[in-house]
Structures are given as C-alpha cells and as structure tokens.
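Visitor: Have a peek at input31.cif (mmCIF, C-alpha atoms).
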data_model
loop_
_atom_site.label_atom_id
_atom_site.label_comp_id
_atom_site.auth_asym_id
_atom_site.auth_seq_id
_atom_site.Cartn_x
_atom_site.Cartn_y
_atom_site.Cartn_z
CA MET A 75 177.07 109.44 194.10
CA SER A 76 177.15 112.47 196.36
CA PHE A 77 174.77 115.42 196.55
CA ASP A 78 175.60 119.03 197.34
CA ASN A 79 173.77 120.73 200.23
CA SER A 80 171.15 122.42 198.02
CA THR A 81 170.15 119.06 196.51
CA LYS A 82 169.99 117.44 199.96
CA ASP A 83 167.82 120.34 201.18
CA ALA A 84 165.45 119.89 198.20
CA ILE A 85 165.19 116.13 198.86
CA ASN A 86 164.49 116.68 202.57
CA ALA A 87 161.87 119.34 201.77
CA ALA A 88 160.10 116.95 199.36
CA LYS A 89 160.14 114.15 201.95
CA SER A 90 158.73 116.53 204.55
CA LYS A 91 155.87 117.58 202.25
CA MET A 92 154.99 113.97 201.40
CA SER A 93 154.77 112.99 205.08
CA GLY A 94 152.81 116.09 206.21
CA SER A 95 149.13 117.05 206.21
CA ALA A 96 146.66 116.32 203.42
CA GLY A 97 147.03 119.89 202.11
CA ASN A 98 150.78 119.56 201.92
CA LYS A 99 150.45 116.16 200.24
CA ALA A 100 148.16 117.64 197.59
CA ALA A 101 150.65 120.43 196.98
CA ALA A 102 153.48 117.92 196.85
CA ALA A 103 151.54 115.78 194.34
CA LYS A 104 150.94 118.83 192.15
CA GLU A 105 154.63 119.72 192.29
CA ALA A 106 155.53 116.10 191.47
CA ALA A 107 153.98 116.53 188.03
CA TYR A 108 156.91 118.81 187.10
CA PRO A 109 160.62 118.07 187.30
CA ALA A 110 162.35 119.28 190.43
CA VAL A 111 165.99 120.13 190.87
CA ALA A 112 166.39 117.08 193.11
CA GLU A 113 164.93 114.59 190.60
CA PRO A 114 167.80 112.77 188.90
CA ALA A 115 167.13 112.34 185.19
CA LEU A 116 168.74 111.39 181.92
CA VAL A 117 167.33 113.61 179.16
CA HIS A 118 168.25 113.26 175.50
CA PRO A 119 169.27 116.71 174.25
CA PHE A 120 167.49 116.46 170.89
CA THR A 121 164.47 114.19 171.39
CA ASN A 122 163.61 114.99 175.04
CA ALA A 123 163.38 111.25 175.80
CA VAL A 124 163.78 110.95 179.56
CA ILE A 125 164.47 108.46 182.33
CA LYS A 126 163.55 110.13 185.61
CA LEU A 127 163.59 109.12 189.28
CA ARG A 128 160.68 111.13 190.71
CA ASP A 129 160.61 112.67 194.20
CA ASN A 130 157.37 110.76 194.88
CA GLY A 131 159.18 107.43 194.31
CA ALA A 132 157.93 106.81 190.75
CA ILE A 133 160.27 105.97 187.88
CA ASP A 134 159.40 107.42 184.46
CA VAL A 135 160.76 106.24 181.12
CA PHE A 136 159.24 108.36 178.33
CA THR A 137 160.08 109.04 174.70
CA GLY A 138 157.36 111.63 174.08
CA ASP A 139 154.03 112.95 175.33
CA ASN A 140 152.13 110.01 176.86
CA ILE A 141 154.49 107.48 175.28
CA GLY A 142 156.26 105.58 178.00
CA ILE A 143 156.23 103.62 181.22
CA ARG A 144 155.72 104.78 184.79
CA ILE A 145 156.54 102.46 187.70
CA ASP A 146 154.69 103.87 190.70
CA GLN A 147 155.38 102.62 194.22
CA ASN A 148 152.53 104.68 195.70
CA ASN A 149 149.73 102.76 193.98
CA LYS A 150 151.88 99.68 193.31
CA SER A 151 151.36 99.86 189.54
CA ILE A 152 153.19 99.76 186.25
CA ASN A 153 151.50 102.02 183.70
CA MET A 154 152.20 101.79 179.98
CA MET A 155 150.97 104.73 177.94
CA SER A 156 150.89 104.69 174.16
CA THR A 157 148.57 104.44 171.18
CA LEU A 158 149.90 100.91 170.48
CA VAL A 159 151.39 98.30 172.82
CA GLN A 160 152.90 95.19 171.21
CA THR A 161 154.28 92.13 172.96
CA ARG A 162 156.24 89.46 171.14
CA ALA A 163 157.38 86.36 172.95
CA GLU A 164 158.02 82.68 172.39
CA THR A 165 155.92 82.01 175.50
CA LEU A 166 153.80 84.55 177.40
CA ARG A 167 152.23 83.71 180.74
CA ALA A 168 150.28 85.91 183.12
CA ILE A 169 149.49 84.89 186.67
CA ILE A 170 146.62 86.97 188.07
CA ASN A 171 145.72 86.42 191.71
CA LYS A 172 142.47 88.40 191.68
CA ASP A 173 140.52 89.73 188.72
CA ALA A 174 141.34 90.53 185.10
CA GLN A 175 139.28 92.88 183.00
CA TYR A 176 139.61 93.97 179.39
CA ASP A 177 137.68 97.04 178.27
CA VAL A 178 137.77 97.05 174.48
CA LYS A 179 135.89 99.90 172.82
CA GLY A 180 136.53 98.62 169.31
CA LYS A 181 136.97 95.13 167.92
CA TRP A 182 138.72 92.39 169.93
CA THR A 183 140.26 89.64 167.83
CA ILE A 184 142.06 86.54 169.03
CA ASN A 185 144.01 84.58 166.40
CA ALA A 186 145.41 81.29 167.66
CA GLY A 187 146.49 77.88 166.44
CA SER A 188 144.27 76.56 169.22
CA ALA A 189 142.60 78.16 172.21
CA THR A 190 141.45 76.75 175.53
CA ILE A 191 139.43 78.47 178.22
CA ASN A 192 139.22 76.63 181.53
CA THR A 193 137.08 77.97 184.34
CA LYS A 194 136.29 76.41 187.69
CA GLY A 195 133.00 78.25 188.13
CA THR A 196 130.26 79.61 185.91
CA THR A 197 131.30 80.91 182.51
CA LYS A 198 129.28 83.81 181.14
CA VAL A 199 129.37 85.46 177.74
CA ASN A 200 127.40 88.69 177.37
CA ALA A 201 127.02 90.46 174.04
CA LYS A 202 125.02 93.66 173.52
CA GLY A 203 125.25 93.32 169.74
CA ASN A 204 125.72 90.36 167.43
CA MET A 205 127.99 87.47 168.36
CA SER A 206 129.64 85.00 166.02
CA LEU A 207 131.80 81.93 166.60
CA GLU A 208 133.59 80.56 163.55
CA THR A 209 136.01 77.69 163.18
CA ALA A 210 137.22 75.64 160.25
CA ALA A 211 137.95 72.76 162.61
CA LYS A 212 135.96 71.19 165.43
CA LEU A 213 134.14 73.41 167.94
CA SER A 214 133.90 71.82 171.38
CA ILE A 215 132.22 73.40 174.39
CA LYS A 216 132.17 71.46 177.66
CA ALA A 217 130.77 73.21 180.68
CA ALA A 218 129.08 72.45 183.97
CA SER A 219 127.38 75.83 183.63
CA LEU A 220 127.47 78.13 180.61
CA ASP A 221 125.41 81.29 180.16
CA ILE A 222 125.39 83.06 176.80
CA ASN A 223 123.41 86.30 176.71
CA VAL A 224 123.19 88.05 173.36
CA ALA A 225 120.98 91.08 172.74
CA GLY A 226 121.41 90.75 168.95
CA SER A 227 121.88 87.62 166.86
CA PHE A 228 124.04 84.59 167.70
CA LYS A 229 125.70 82.52 165.00
CA ALA A 230 128.01 79.53 165.32
CA PHE A 231 129.78 78.06 162.31
CA ALA A 232 131.90 74.93 162.60
CA ALA A 233 133.05 72.08 160.37
CA ASP A 234 132.16 69.78 163.27
CA TYR A 235 130.73 70.51 166.69
CA ASP A 236 130.33 68.90 170.10
CA TRP A 237 128.03 70.52 172.71
CA ARG A 238 128.11 68.85 176.10
#
Translate the structure described by the file into structure tokens.
Guide:
Amino acid sequence: MSFDNSTKDAINAAKSKMSGSAGNKAAAAKEAAYPAVAEPALVHPFTNAVIKLRDNGAIDVFTGDNIGIRIDQNNKSINMMSTLVQTRAETLRAIINKDAQYDVKGKWTINAGSATINTKGTTKVNAKGNMSLETAAKLSIKAASLDINVAGSFKAFAADYDWR
C-alpha cells in the first residue's frame, strides 16, 4: 500500500500532535473522535458499518451508534459496546491476573449443571437486600473462612445440605 504526499503529511501531523505538549495532545484526542483523511476505513455504503484504523492507534469495528468493538493500544483495552453481549462456546475460560469485578444493576442469574467456587483466602458475600440460595440437589459449603452479610433476609433451600 502506498500513500500520496497529502496522506503522508496528515499522518505526520497527527503523530506530531500526539507526541507534543499536553494542550496539543488534548486537541489531538478531540480530533481523534472524528474521522480524518489519513484514517484508513472500510465503510458500508448503505448501513454505515465501519472498520477503521484510528490515528491514535485504536481499531474500531462498529455496526451502529455504540454497537461495536474498540481495541485501544493507549489504555491497553478491548471495549465492547452494545445493549446485549452474548458469548457461546463449548468451553470458556478466563485467566485474570489481578482483580475481576462485576457491577450488575439489575438481576444476576447463573444457570449451571454444577458450579464450583474455589478461593484461597476469605470468601465474602454481601447483600444489601434479600438473598436466597436454592438447589434441588445437595448444597455443600466448605470454607476456612466465610462471611455472609445480608441487610435483608437470608434463605437457603436444599434437598440436602452439608455445612463445614
């Protein structure tokens, strides 16, 4: 792939802005929110779906407003934006070297044939409202240290149980 001189000039100008003072970086970041002549992109002519290589190093794959993926080298992140994200796999494994956090504003449901939670340290469960554990099979909780804090009511229903 070769670029004409005007494209090369636009690329060099963008690089210069990104490596300059804080004021120039802020201006460059603001400009990065809009397509530039130098940003290579594939745009569908009817749906406006786009794959774009951004001047700031990010890669955007979008099918509509806030429906897509951004891979961002600046903050080393992959951002998925959508009202619904679904993952289907025979096996799904996540390896997290630091922390994991789920912020669920509505209901969080886990449906599984079986579920195991193994922790090496203290396990804490905090509920500001009511909490319920239900199983049609055996409920087994084995812990060196287990804290359950519930501001409302706590109910556990099991066909059989084992608390150790």
Visitor: Determine, counting all atoms listed in the file, which protein, DNA and RNA residues have an atom within 10 Å of an atom of stretch 142-155 of chain A; residues of the same chain fewer than 2 positions away are not included. Present the result as a ChimeraX atom specification.
Guide: /A:123-128,130-140,157-159
Visitor: Using only C-alpha atoms, please write the residues we just selected to a file, as a PDB file, in the frame of the given file.
Guide:
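Okay, this is what ended up in result_2.pdb:
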ATOM      1  CA  ALA A 123     163.380 111.250 175.800  1.00  0.00           C
ATOM      2  CA  VAL A 124     163.780 110.950 179.560  1.00  0.00           C
ATOM      3  CA  ILE A 125     164.470 108.460 182.330  1.00  0.00           C
ATOM      4  CA  LYS A 126     163.550 110.130 185.610  1.00  0.00           C
ATOM      5  CA  LEU A 127     163.590 109.120 189.280  1.00  0.00           C
ATOM      6  CA  ARG A 128     160.680 111.130 190.710  1.00  0.00           C
ATOM      7  CA  ASN A 130     157.370 110.760 194.880  1.00  0.00           C
ATOM      8  CA  GLY A 131     159.180 107.430 194.310  1.00  0.00           C
ATOM      9  CA  ALA A 132     157.930 106.810 190.750  1.00  0.00           C
ATOM     10  CA  ILE A 133     160.270 105.970 187.880  1.00  0.00           C
ATOM     11  CA  ASP A 134     159.400 107.420 184.460  1.00  0.00           C
ATOM     12  CA  VAL A 135     160.760 106.240 181.120  1.00  0.00           C
ATOM     13  CA  PHE A 136     159.240 108.360 178.330  1.00  0.00           C
ATOM     14  CA  THR A 137     160.080 109.040 174.700  1.00  0.00           C
ATOM     15  CA  GLY A 138     157.360 111.630 174.080  1.00  0.00           C
ATOM     16  CA  ASP A 139     154.030 112.950 175.330  1.00  0.00           C
ATOM     17  CA  ASN A 140     152.130 110.010 176.860  1.00  0.00           C
ATOM     18  CA  THR A 157     148.570 104.440 171.180  1.00  0.00           C
ATOM     19  CA  LEU A 158     149.900 100.910 170.480  1.00  0.00           C
ATOM     20  CA  VAL A 159     151.390  98.300 172.820  1.00  0.00           C
TER      21      VAL A 159
END
Visitor: Give me, please, the distance in Å between atom CA of A:Val224 and atom CA of A:Trp182, quoted to one decimal.
Guide: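 Computing the Euclidean distance for atom CA of A:Val224 and atom CA of A:Trp182 yields 16.5 Å.
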Visitor: Report the distance between atom CA of A:Ala210 and atom CA of A:Glu164 in Å, rounded to one decimal place.
Guide: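 Straight-line distance from atom CA of A:Ala210 to atom CA of A:Glu164 works out to 25.1 Å.
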Visitor: Could you work out how far atom CA of A:Asn185 lies from atom CA of A:Arg162, giving the answer in Å with one decimal?
Guide: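 Separation of atom CA of A:Arg162 and atom CA of A:Asn185: 14.0 Å.
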Visitor: Once the PyMOL selection byres ((chain A and resi 207) around 9) has been evaluated on this model, what residues remain selected, and can you format them as a ChimeraX atom specification?
Guide: /A:205-206,208-209,213,228-232
Visitor: Given the PyMOL selection byres ((chain A and resi 195-198) around 12) and the file above, list the residues it selects as JSON, numbers by chain.
Guide: {"A": [191, 192, 193, 194, 199, 200, 201, 215, 216, 217, 218, 219, 220, 221, 222, 223, 224]}
Visitor: Kindly provide, as a PyMOL selection string, the polymer residues lying within 8 Å of (139.9, 76.2, 167.9), counting only C-alpha atoms and using the coordinates exactly as they appear in the file.
Guide: chain A and resi 186-190+209+211-213
Visitor: With 5 Å on each side, where is the centre of the axis-aligned box around all listed atoms of stretch 195-201 of chain A, and how long are its edges in Å to one decimal, as lines of an AutoDock Vina configuration file?
Guide:
center_x = 130.0
center_y = 84.4
center_z = 181.1
size_x = 16.0
size_y = 22.2
size_z = 24.1
Visitor: Counting all atoms listed in the file, which of A:Thr183, A:Ser227, A:Ser156, A:Ser214 gets nearest to A:Lys202?
Guide: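 Of all the options, A:Ser227 lies closest to A:Lys202.
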